[in-house]
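Data first, discussion second: the structure below is written as structure tokens.
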Amino acid sequence: PLPDSYVPGRIDRELADELVHLSYLDEGPMHAQEFLAKNGIHLVIERHLHRTYLDGASMLLQNGTPVIGLTLRHDRLDNFWFTLCHELAHIGLHLEHMDDKSFFDDVEAASADLLERAADDWASEVLIPTRAWQKAGLGARSRAPDVKKLARDLRISPAIVAGRLRRELNNYGVLSRQVGAGKVRGMFGC
């Protein structure tokens with residue numbers, strides 16, 4: 001049981017901003033789970049399902065209560081926050097307006113599906129607003145201090161900034177120390 005029931009339409013930019021700012025805390029993922037519960041949203045953490053590419057899932061229970069499931073396939077803070085926001089987007093943008101629909105996602109897979117692209121865009125925007133990203137001017141020559149500065153300015157985890165830069169550059173070898181590798185599973189006992 002959750003402390004509060006979910007109010008349809010509750011997932012908006014204000015809620016997302018509050019959630020993302022929790023990433024700035026050392027145990028942000030744990031605080032995110034509590035924050036979502038207090039807003040009537042279940043966050044279930046499961047071990048990665050062997051031989052799958054499943055990162056996250058979102059669905060509504062029969063009573064309308066949203067459920068987000070994360071597998072922590074990649075034990076990294078950047079992946080945790082992006083996948084969480086992606087699934088939250090599915091609830092707010094899609095599930096509240098559809099009957100009998102669930103989403104099961106590999107967030108690394110490129111998709112032509114409009115619903116998946118909308119969830120990706122929403123997650124990217126709530127994690128790092130486009131205006132702030134463009135103003136920061138991060139690129140191939142950016143280093144850890146540049147990542148940390150933008151993270152401080154936005155009050156978010158540097159892992160989110162590093163993960164976004166790696167994805168934009170399509171270079172997952174850079175900033176590997178900044179993405180929070182090995183930091184999530186232990187928080188949830190996985």
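We label chains A, B, ... in the order they appear in the structure tokens, count residues from 1 in each chain, and number ligands from 1 in the order shown.
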task: Run DSSP on the backbone and give me the residues of range 15-171 of chain A it puts in helix (DSSP H, G or I), as number ranges by chain.
output: A: 15-24, 28-38, 77-97, 114-127, 130-136, 144-154, 158-169
Per-residue DSSP, range 26-167 of chain A, filtered to strand (DSSP E or B), as an MDAnalysis selection string: chainID A and resid 42:45 56:60 66:70 76 103:105
task: Counting only C-alpha atoms, figure out which residue out of A:Ala151, A:Ile68, A:Val7, A:Ala140 gets nearest to Phe104 in chain A.
output: A:Ile68
Distance criterion (only C-alpha atoms): nearest to Tyr24 in chain A out of A:Trp81, A:Tyr6, A:Phe188, A:Tyr172: A:Trp81
message: Give me the residues near Leu165 in chain A as a VMD selection string, where near means some atom within 10 Å (using only C-alpha atoms) and where sequence neighbours in that chain fewer than 3 positions away do not count.
response: chain A and resid 133 138 to 140 142 147 159 to 162 168 to 172 174 to 175
- request: Tell me which of A:Leu115, A:Lys149, A:Cys190, A:Pro66 sits closest to Ala132 in chain A, counting only C-alpha atoms.
  value: A:Lys149
